[in-house]
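Peer 1: Input protein-v1.pdb, format and content: PDB, C-alpha atoms.
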ATOM      1  CA  MET J   1       4.941   0.199  49.668
ATOM      2  CA  THR J   2       6.271   2.570  47.015
ATOM      3  CA  LYS J   3       5.031   1.831  43.514
ATOM      4  CA  THR J   4       7.543   1.421  40.725
ATOM      5  CA  ASN J   5       7.335   4.308  38.311
ATOM      6  CA  HIS J   6       7.156   2.841  34.818
ATOM      7  CA  GLY J   7       6.417   6.192  33.247
ATOM      8  CA  GLY J   8       9.959   7.489  32.930
ATOM      9  CA  ASN J   9      10.583  11.149  32.231
ATOM     10  CA  ASN J  10       8.326  13.341  30.138
ATOM     11  CA  ASN J  11      10.573  13.210  27.064
ATOM     12  CA  PHE J  12      10.448   9.411  27.115
ATOM     13  CA  ARG J  13       6.690   9.255  27.546
ATOM     14  CA  GLU J  14       5.976  11.653  24.690
ATOM     15  CA  GLY J  15       8.833  10.504  22.445
ATOM     16  CA  LEU J  16       9.327   7.320  20.463
ATOM     17  CA  THR J  17       9.116   4.029  22.319
ATOM     18  CA  GLY J  18       9.342   0.471  21.070
ATOM     19  CA  ALA J  19       5.597  -0.008  21.558
ATOM     20  CA  LYS J  20       4.788   3.118  19.528
ATOM     21  CA  ILE J  21       7.089   2.190  16.660
ATOM     22  CA  SER J  22       5.812  -1.386  16.548
ATOM     23  CA  ARG J  23       2.165  -0.364  16.507
ATOM     24  CA  PHE J  24       2.726   2.391  13.938
ATOM     25  CA  LEU J  25       4.392  -0.066  11.540
ATOM     26  CA  LEU J  26       1.741  -2.754  11.998
ATOM     27  CA  LEU J  27      -1.396  -0.613  11.698
ATOM     28  CA  PRO J  28      -1.598  -0.556   7.865
ATOM     29  CA  PHE J  29      -1.579  -4.369   7.858
ATOM     30  CA  GLN J  30      -3.686  -5.086  10.955
ATOM     31  CA  PRO J  31      -7.102  -3.447  10.420
ATOM     32  CA  LYS J  32      -8.570  -5.208  13.455
ATOM     33  CA  TYR J  33      -6.451  -2.892  15.618
ATOM     34  CA  LEU J  34      -8.043   0.156  13.977
ATOM     35  CA  LYS J  35     -11.671  -0.710  14.610
ATOM     36  CA  ALA J  36     -12.962   2.009  16.915
ATOM     37  CA  TYR J  37     -16.145   1.691  18.934
ATOM     38  CA  LEU J  38     -17.248   5.274  18.242
ATOM     39  CA  ALA J  39     -15.945   8.412  16.531
ATOM     40  CA  VAL J  40     -17.024  11.904  17.609
ATOM     41  CA  LYS J  41     -16.061  15.477  16.824
ATOM     42  CA  ARG J  42     -15.785  16.595  20.446
ATOM     43  CA  PHE J  43     -15.323  14.815  23.732
ATOM     44  CA  GLU J  44     -18.598  16.334  24.933
ATOM     45  CA  ASP J  45     -20.431  14.569  22.079
ATOM     46  CA  ILE J  46     -19.957  11.184  23.731
ATOM     47  CA  SER J  47     -23.317   9.942  24.971
ATOM     48  CA  ILE J  48     -22.947   8.700  28.533
ATOM     49  CA  ASP J  49     -26.284   6.917  28.360
ATOM     50  CA  HIS J  50     -25.078   5.087  25.244
ATOM     51  CA  LEU J  51     -21.998   3.864  27.093
ATOM     52  CA  LEU J  52     -24.027   2.652  30.043
ATOM     53  CA  LYS J  53     -26.527   0.907  27.778
ATOM     54  CA  ASP J  54     -23.659  -0.956  26.099
ATOM     55  CA  GLY J  55     -22.320  -2.189  29.413
ATOM     56  CA  VAL J  56     -19.346   0.145  29.729
ATOM     57  CA  GLU J  57     -18.240   0.499  33.357
ATOM     58  CA  GLY J  58     -14.987   2.437  33.095
ATOM     59  CA  VAL J  59     -13.522   5.197  30.954
ATOM     60  CA  LEU J  60      -9.881   6.157  30.446
ATOM     61  CA  LEU J  61      -9.370   9.655  29.076
ATOM     62  CA  ASP J  62      -6.463  11.005  27.074
ATOM     63  CA  ALA J  63      -5.698  14.678  27.738
ATOM     64  CA  ASP J  64      -3.663  16.338  24.969
ATOM     65  CA  GLY J  65      -5.725  16.762  21.826
ATOM     66  CA  THR J  66      -8.752  15.104  23.433
ATOM     67  CA  LEU J  67      -9.849  17.141  26.445
ATOM     68  CA  GLY J  68      -7.993  20.258  25.317
ATOM     69  CA  PRO J  69      -5.079  21.575  23.252
ATOM     70  CA  HIS J  70      -1.659  19.972  23.508
ATOM     71  CA  HIS J  71       0.057  20.866  26.818
ATOM     72  CA  THR J  72      -2.781  23.098  27.958
ATOM     73  CA  ARG J  73      -3.032  23.981  31.642
ATOM     74  CA  HIS J  74      -6.708  24.916  31.481
ATOM     75  CA  TYR J  75      -9.604  22.886  30.125
ATOM     76  CA  PRO J  76     -12.991  24.172  28.886
ATOM     77  CA  GLU J  77     -15.727  24.103  31.499
ATOM     78  CA  SER J  78     -17.895  22.026  29.145
ATOM     79  CA  VAL J  79     -15.194  19.331  29.143
ATOM     80  CA  VAL J  80     -14.810  19.379  32.922
ATOM     81  CA  ALA J  81     -18.589  19.174  33.338
ATOM     82  CA  HIS J  82     -18.829  16.168  30.985
ATOM     83  CA  VAL J  83     -16.091  14.324  32.864
ATOM     84  CA  ARG J  84     -17.891  14.947  36.135
ATOM     85  CA  GLN J  85     -21.197  13.841  34.636
ATOM     86  CA  MET J  86     -19.597  10.553  33.607
ATOM     87  CA  ALA J  87     -18.535   9.951  37.192
ATOM     88  CA  ASP J  88     -21.862  11.125  38.610
ATOM     89  CA  LYS J  89     -23.738   8.650  36.416
ATOM     90  CA  GLY J  90     -21.715   5.750  37.767
ATOM     91  CA  LEU J  91     -18.824   5.354  35.348
ATOM     92  CA  LYS J  92     -15.357   4.870  36.806
ATOM     93  CA  VAL J  93     -13.153   7.530  35.233
ATOM     94  CA  ALA J  94      -9.400   8.086  35.076
ATOM     95  CA  ILE J  95      -7.157  10.338  32.999
ATOM     96  CA  TYR J  96      -4.367   8.415  31.263
ATOM     97  CA  THR J  97      -1.954  10.647  29.349
ATOM     98  CA  ASN J  98       1.586  10.244  28.044
ATOM     99  CA  SER J  99       2.407  13.733  29.267
ATOM    100  CA  SER J 100       3.798  13.326  32.775
ATOM    101  CA  ASN J 101       3.905  16.988  33.792
ATOM    102  CA  LYS J 102       0.222  17.780  33.352
ATOM    103  CA  LEU J 103      -1.772  19.611  35.997
ATOM    104  CA  PHE J 104      -5.343  18.459  36.521
ATOM    105  CA  HIS J 105      -6.562  20.642  39.364
ATOM    106  CA  GLN J 106      -9.878  21.143  37.525
ATOM    107  CA  PHE J 107     -10.584  17.424  37.824
ATOM    108  CA  ALA J 108     -10.533  17.054  41.595
ATOM    109  CA  GLY J 109     -11.688  13.576  42.597
ATOM    110  CA  ILE J 110     -10.843  12.023  39.219
ATOM    111  CA  GLU J 111      -8.105   9.396  39.162
ATOM    112  CA  ILE J 112      -4.892  10.375  37.349
ATOM    113  CA  VAL J 113      -2.719   7.587  35.944
ATOM    114  CA  ARG J 114       0.863   8.589  36.657
ATOM    115  CA  GLU J 115       2.761   5.348  37.265
ATOM    116  CA  ALA J 116       2.050   3.220  34.217
ATOM    117  CA  TYR J 117       3.849   2.400  31.006
ATOM    118  CA  PRO J 118       3.130   5.022  28.319
ATOM    119  CA  LYS J 119       0.537   4.266  25.664
ATOM    120  CA  PRO J 120       0.278   2.131  23.573
ATOM    121  CA  ASP J 121       2.089  -0.387  25.775
ATOM    122  CA  PRO J 122      -0.549  -2.985  26.806
ATOM    123  CA  ARG J 123       0.920  -3.070  30.307
ATOM    124  CA  GLY J 124       0.008   0.568  30.753
ATOM    125  CA  PHE J 125      -3.630  -0.003  29.875
ATOM    126  CA  ASP J 126      -3.751  -2.992  32.219
ATOM    127  CA  THR J 127      -2.329  -0.941  35.093
ATOM    128  CA  ALA J 128      -4.716   1.948  34.407
ATOM    129  CA  MET J 129      -7.694  -0.396  34.372
ATOM    130  CA  LYS J 130      -6.826  -2.429  37.460
ATOM    131  CA  ASP J 131      -5.179   0.150  39.706
ATOM    132  CA  HIS J 132      -7.179   3.252  38.821
ATOM    133  CA  LEU J 133     -10.589   2.016  37.645
ATOM    134  CA  GLN J 134     -10.608  -1.023  39.933
ATOM    135  CA  LEU J 135     -11.852  -3.173  37.034
ATOM    136  CA  ASP J 136     -10.498  -6.384  35.565
ATOM    137  CA  ASP J 137     -12.520  -6.855  32.374
ATOM    138  CA  PRO J 138     -11.104  -4.776  29.482
ATOM    139  CA  SER J 139     -14.239  -5.303  27.385
ATOM    140  CA  LYS J 140     -16.087  -3.053  29.854
ATOM    141  CA  VAL J 141     -13.565  -0.225  29.517
ATOM    142  CA  CYS J 142     -13.388   2.564  26.915
ATOM    143  CA  MET J 143     -10.285   4.548  26.071
ATOM    144  CA  VAL J 144     -11.127   8.005  24.729
ATOM    145  CA  GLY J 145      -8.454   9.680  22.628
ATOM    146  CA  ASP J 146      -7.414  11.391  19.422
ATOM    147  CA  ASN J 147      -4.611   9.096  18.317
ATOM    148  CA  PHE J 148      -4.936   5.620  16.795
ATOM    149  CA  VAL J 149      -1.227   4.985  17.342
ATOM    150  CA  THR J 150      -1.125   5.653  21.091
ATOM    151  CA  ASP J 151      -4.673   5.793  22.492
ATOM    152  CA  GLY J 152      -5.826   3.209  19.955
ATOM    153  CA  GLY J 153      -3.517   0.721  21.621
ATOM    154  CA  ALA J 154      -6.478   0.104  23.903
ATOM    155  CA  ILE J 155      -7.968  -2.009  21.089
ATOM    156  CA  SER J 156      -5.011  -4.395  21.297
ATOM    157  CA  ALA J 157      -5.543  -4.519  25.062
ATOM    158  CA  GLY J 158      -9.133  -5.706  24.561
ATOM    159  CA  MET J 159     -10.759  -2.354  25.349
ATOM    160  CA  ARG J 160     -13.090  -0.232  23.259
ATOM    161  CA  PHE J 161     -11.675   2.892  21.677
ATOM    162  CA  ILE J 162     -13.578   6.136  21.138
ATOM    163  CA  TYR J 163     -11.886   8.392  18.620
ATOM    164  CA  VAL J 164     -12.179  12.144  19.202
ATOM    165  CA  GLN J 165     -11.278  14.561  16.431
ATOM    166  CA  PRO J 166      -8.057  16.260  17.611
ATOM    167  CA  VAL J 167      -8.236  19.614  19.320
ATOM    168  CA  LYS J 168      -5.968  22.092  17.579
ATOM    169  CA  GLY J 169      -2.960  23.021  19.674
ATOM    170  CA  ASN J 170       0.789  23.462  19.984
ATOM    171  CA  GLU J 171       2.336  20.073  19.256
ATOM    172  CA  ASN J 172       5.458  18.840  17.503
ATOM    173  CA  ILE J 173       5.221  17.869  13.856
ATOM    174  CA  GLY J 174       6.293  14.277  14.497
ATOM    175  CA  HIS J 175       3.388  13.638  16.850
ATOM    176  CA  SER J 176       0.941  15.352  14.515
ATOM    177  CA  PHE J 177       2.182  13.446  11.465
ATOM    178  CA  THR J 178       2.087   9.956  12.997
ATOM    179  CA  ARG J 179      -1.374  10.630  14.414
ATOM    180  CA  TYR J 180      -2.546  11.756  10.979
ATOM    181  CA  LEU J 181      -1.219   8.623   9.302
ATOM    182  CA  GLY J 182      -2.888   6.440  11.918
ATOM    183  CA  THR J 183      -6.199   8.169  11.263
ATOM    184  CA  LEU J 184      -5.775   7.749   7.504
ATOM    185  CA  CYS J 185      -5.328   3.997   7.979
ATOM    186  CA  ALA J 186      -8.487   3.867  10.083
ATOM    187  CA  ARG J 187     -10.386   5.822   7.429
ATOM    188  CA  LEU J 188      -9.189   3.423   4.758
ATOM    189  CA  TYR J 189     -10.629   0.387   6.518
ATOM    190  CA  TYR J 190     -13.558   1.920   8.421
ATOM    191  CA  GLY J 191     -14.590   5.004   6.469
ATOM    192  CA  ASP J 192     -18.230   4.810   7.571
ATOM    193  CA  LEU J 193     -17.151   5.497  11.134
ATOM    194  CA  PHE J 194     -16.081   9.002  10.129
ATOM    195  CA  LYS J 195     -18.995   9.910   7.869
ATOM    196  CA  ASN J 196     -20.276  12.541  10.298
ATOM    197  CA  GLN J 197     -16.874  14.126  10.836
ATOM    198  CA  ARG J 198     -14.989  16.652   8.761
ATOM    199  CA  ASP J 199     -11.577  15.665   7.449
ATOM    200  CA  ALA J 200      -9.142  15.089  10.324
ATOM    201  CA  GLY J 201      -5.747  16.320   9.106
ATOM    202  CA  PRO J 202      -2.657  16.991  11.198
ATOM    203  CA  SER J 203      -3.949  20.298  12.553
ATOM    204  CA  THR J 204      -7.735  20.017  12.694
ATOM    205  CA  ASP J 205      -9.833  21.966  15.131
ATOM    206  CA  ASN J 206     -12.488  20.235  17.193
ATOM    207  CA  ARG J 207     -15.265  22.538  16.174
TER     208      ARG J 207
END
Take the structure in the file and give it back as structure tokens.
Peer 2:
Amino acid sequence: MTKTNHGGNNNFREGLTGAKISRFLLLPFQPKYLKAYLAVKRFEDISIDHLLKDGVEGVLLDADGTLGPHHTRHYPESVVAHVRQMADKGLKVAIYTNSSNKLFHQFAGIEIVREAYPKPDPRGFDTAMKDHLQLDDPSKVCMVGDNFVTDGGAISAGMRFIYVQPVKGNENIGHSFTRYLGTLCARLYYGDLFKNQRDAGPSTDNR
């Protein structure tokens, strides 16, 4: 049976959606949806042993700004190695990005979420978890990303969210600005989470 493609075209996935607008407007007044599980400077800083100790079974990974620069076609070997190590240690891993034209040939064997509603729509996270991680308990799943507006929607879906300081790259100002405001809201309510990170403005590097 052919699956229904809820992703739409690339412009739709990366542009404004009702779910994005709604979450962006609510974040300043709903601090519970900004409470991240962890915050790290680089994706490779995530301790796999820490995740396993805390009962995490599955990991969803954003791509743009998290694993590499926006719209990159090549990812650092250290990033690829860390993704593979997650899988080798028993975590179920899938890449869930709002960019529908990405190429992930470096991640052979890793699930790619292509037919789900774009983040932060809760239905997208549910599809990614059930169809690609083969899990049904969101509390055992982590979403790793650089954006509290989109990736942080995992919190509303009952998942844990790991915030990664954005990787500098070529992205439109609207995306950069909304991400920055989302991070500012998170800093306002949960400043201690970021105490080991440098200031995360609209165009911060990950180093």
Peer 1: Which residues are near J:Val113? Cut-off 9 Å, all atoms listed in the file, ignore same chain within fewer than 4 positions. Put them as a PyMOL selection string.
Peer 2: chain J and resi 94-97+127-128+131-132
Peer 1: Keeping only C-alpha atoms, write those residues as a short mmCIF file (atom, residue, chain, number, x, y, z; two decimals), in the coordinates of the input.
Peer 2:
data_model
loop_
_atom_site.label_atom_id
_atom_site.label_comp_id
_atom_site.auth_asym_id
_atom_site.auth_seq_id
_atom_site.Cartn_x
_atom_site.Cartn_y
_atom_site.Cartn_z
CA ALA J 94 -9.40 8.09 35.08
CA ILE J 95 -7.16 10.34 33.00
CA TYR J 96 -4.37 8.41 31.26
CA THR J 97 -1.95 10.65 29.35
CA THR J 127 -2.33 -0.94 35.09
CA ALA J 128 -4.72 1.95 34.41
CA ASP J 131 -5.18 0.15 39.71
CA HIS J 132 -7.18 3.25 38.82
#
Peer 1: Please write as a VMD selection string the full residue list that the PyMOL selection byres ((chain J and resi 73) around 8) yields on this file.
Peer 2: chain J and resid 71 to 72 74 to 75 102 to 104
Peer 1: Name the closest residue to J:Pro166 among the candidates J:Ala87, J:Leu26, J:Ala108, J:Val144; distances are taken between atoms, counting all atoms listed in the file.
Peer 2: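 Of all the options, J:Val144 lies closest to J:Pro166.
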Peer 1: For the interface of stretch 92-162 of chain J with stretch 29-43 of chain J (cut-off 10 Å, counting only C-alpha atoms), please tabulate each contacting residue of stretch 92-162 of chain J alongside its nearest pair of atoms and their separation in Å to one decimal, rows sorted by chain and increasing number, as a Markdown table.
Peer 2:
| residue | atom | partner | partner_atom | distance |
| --- | --- | --- | --- | --- |
| J:Cys142 | CA | J:Tyr37 | CA | 8.5 |
| J:Met143 | CA | J:Tyr37 | CA | 9.7 |
| J:Val144 | CA | J:Phe43 | CA | 8.1 |
| J:Gly145 | CA | J:Phe43 | CA | 8.6 |
| J:Asp146 | CA | J:Ala39 | CA | 9.5 |
| J:Phe148 | CA | J:Leu34 | CA | 6.9 |
| J:Val149 | CA | J:Leu34 | CA | 9.0 |
| J:Gly152 | CA | J:Leu34 | CA | 7.1 |
| J:Gly153 | CA | J:Tyr33 | CA | 7.6 |
| J:Ala154 | CA | J:Tyr33 | CA | 8.8 |
| J:Ile155 | CA | J:Tyr33 | CA | 5.7 |
| J:Ser156 | CA | J:Tyr33 | CA | 6.0 |
| J:Ala157 | CA | J:Tyr33 | CA | 9.6 |
| J:Gly158 | CA | J:Tyr33 | CA | 9.8 |
| J:Met159 | CA | J:Tyr37 | CA | 9.3 |
| J:Arg160 | CA | J:Tyr37 | CA | 5.6 |
| J:Phe161 | CA | J:Ala36 | CA | 5.0 |
| J:Ile162 | CA | J:Leu38 | CA | 4.8 |
Peer 1: How many Å separate atom CA of J:Leu52 from atom CA of J:Phe194?
Peer 2: 22.4 Å
Peer 1: Out of J:Leu184, J:Val141, J:Leu91, J:Ala63, which residue has the shortest atom-to-atom distance to J:Val79 when counting all atoms listed in the file?
Peer 2: J:Ala63
Peer 1: When you count all atoms listed in the file, which of these residues is closest to J:Glu57: J:Ala19, J:Ile110, J:Val83, J:Leu135?
Peer 2: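 For J:Glu57, the nearest of the given residues is J:Leu135.
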Peer 1: In Å, with one decimal, what is the gap from atom CA of J:Lys130 to atom CA of J:Val56?
Peer 2: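 If I compute the distance from atom CA of J:Lys130 to atom CA of J:Val56, I get 14.9 Å.
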Peer 1: Grab the atom CA of J:His175 to atom CA of J:Pro76 distance for me, in Å with one decimal place.
Peer 2: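 Atom CA of J:Pro76 lies 22.9 Å from atom CA of J:His175.
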Peer 1: Return the single residue from J:Ser99, J:Thr150, J:Thr66, J:Ser47 that is closest to J:Gly18, with distances computed using only C-alpha atoms.
Peer 2: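 Closest residue, counting only C-alpha atoms: J:Thr150.
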Peer 1: Looking at all atoms listed in the file, which of J:Gly68, J:Leu188, J:Asp121, J:Val59 is the one that sits closest to J:Pro28?
Peer 2: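 Nearest candidate to J:Pro28 out of J:Gly68, J:Leu188, J:Asp121, J:Val59: J:Leu188.
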Peer 1: Between J:Glu115, J:Asp88, J:Asp64, J:Asp136, which residue has the minimum interatomic distance to J:Asn170, considering all atoms listed in the file?
Peer 2: J:Asp64
Peer 1: Could you tell me which residues the PyMOL selection byres ((chain J and resi 176) around 12) returns for this structure, as JSON, numbers by chain?
Peer 2: {"J": [14, 64, 65, 70, 146, 147, 148, 149, 150, 166, 167, 168, 169, 170, 171, 172, 173, 174, 175, 177, 178, 179, 180, 181, 182, 183, 200, 201, 202, 203, 204]}
Peer 1: Output C-alpha atoms for every residue in that selection, as a PDB file, keeping the file's coordinate frame.
Peer 2:
ATOM      1  CA  GLU J  14       5.976  11.653  24.690  1.00  0.00           C
ATOM      2  CA  ASP J  64      -3.663  16.338  24.969  1.00  0.00           C
ATOM      3  CA  GLY J  65      -5.725  16.762  21.826  1.00  0.00           C
ATOM      4  CA  HIS J  70      -1.659  19.972  23.508  1.00  0.00           C
ATOM      5  CA  ASP J 146      -7.414  11.391  19.422  1.00  0.00           C
ATOM      6  CA  ASN J 147      -4.611   9.096  18.317  1.00  0.00           C
ATOM      7  CA  PHE J 148      -4.936   5.620  16.795  1.00  0.00           C
ATOM      8  CA  VAL J 149      -1.227   4.985  17.342  1.00  0.00           C
ATOM      9  CA  THR J 150      -1.125   5.653  21.091  1.00  0.00           C
ATOM     10  CA  PRO J 166      -8.057  16.260  17.611  1.00  0.00           C
ATOM     11  CA  VAL J 167      -8.236  19.614  19.320  1.00  0.00           C
ATOM     12  CA  LYS J 168      -5.968  22.092  17.579  1.00  0.00           C
ATOM     13  CA  GLY J 169      -2.960  23.021  19.674  1.00  0.00           C
ATOM     14  CA  ASN J 170       0.789  23.462  19.984  1.00  0.00           C
ATOM     15  CA  GLU J 171       2.336  20.073  19.256  1.00  0.00           C
ATOM     16  CA  ASN J 172       5.458  18.840  17.503  1.00  0.00           C
ATOM     17  CA  ILE J 173       5.221  17.869  13.856  1.00  0.00           C
ATOM     18  CA  GLY J 174       6.293  14.277  14.497  1.00  0.00           C
ATOM     19  CA  HIS J 175       3.388  13.638  16.850  1.00  0.00           C
ATOM     20  CA  PHE J 177       2.182  13.446  11.465  1.00  0.00           C
ATOM     21  CA  THR J 178       2.087   9.956  12.997  1.00  0.00           C
ATOM     22  CA  ARG J 179      -1.374  10.630  14.414  1.00  0.00           C
ATOM     23  CA  TYR J 180      -2.546  11.756  10.979  1.00  0.00           C
ATOM     24  CA  LEU J 181      -1.219   8.623   9.302  1.00  0.00           C
ATOM     25  CA  GLY J 182      -2.888   6.440  11.918  1.00  0.00           C
ATOM     26  CA  THR J 183      -6.199   8.169  11.263  1.00  0.00           C
ATOM     27  CA  ALA J 200      -9.142  15.089  10.324  1.00  0.00           C
ATOM     28  CA  GLY J 201      -5.747  16.320   9.106  1.00  0.00           C
ATOM     29  CA  PRO J 202      -2.657  16.991  11.198  1.00  0.00           C
ATOM     30  CA  SER J 203      -3.949  20.298  12.553  1.00  0.00           C
ATOM     31  CA  THR J 204      -7.735  20.017  12.694  1.00  0.00           C
TER      32      THR J 204
END
Peer 1: I'd like the residues picked by the PyMOL selection byres ((chain J and resi 48) around 9) written out as a ChimeraX atom specification, using the chain letters and numbers from the file.
Peer 2: /J:46-47,49-53,82,85-86,89,91
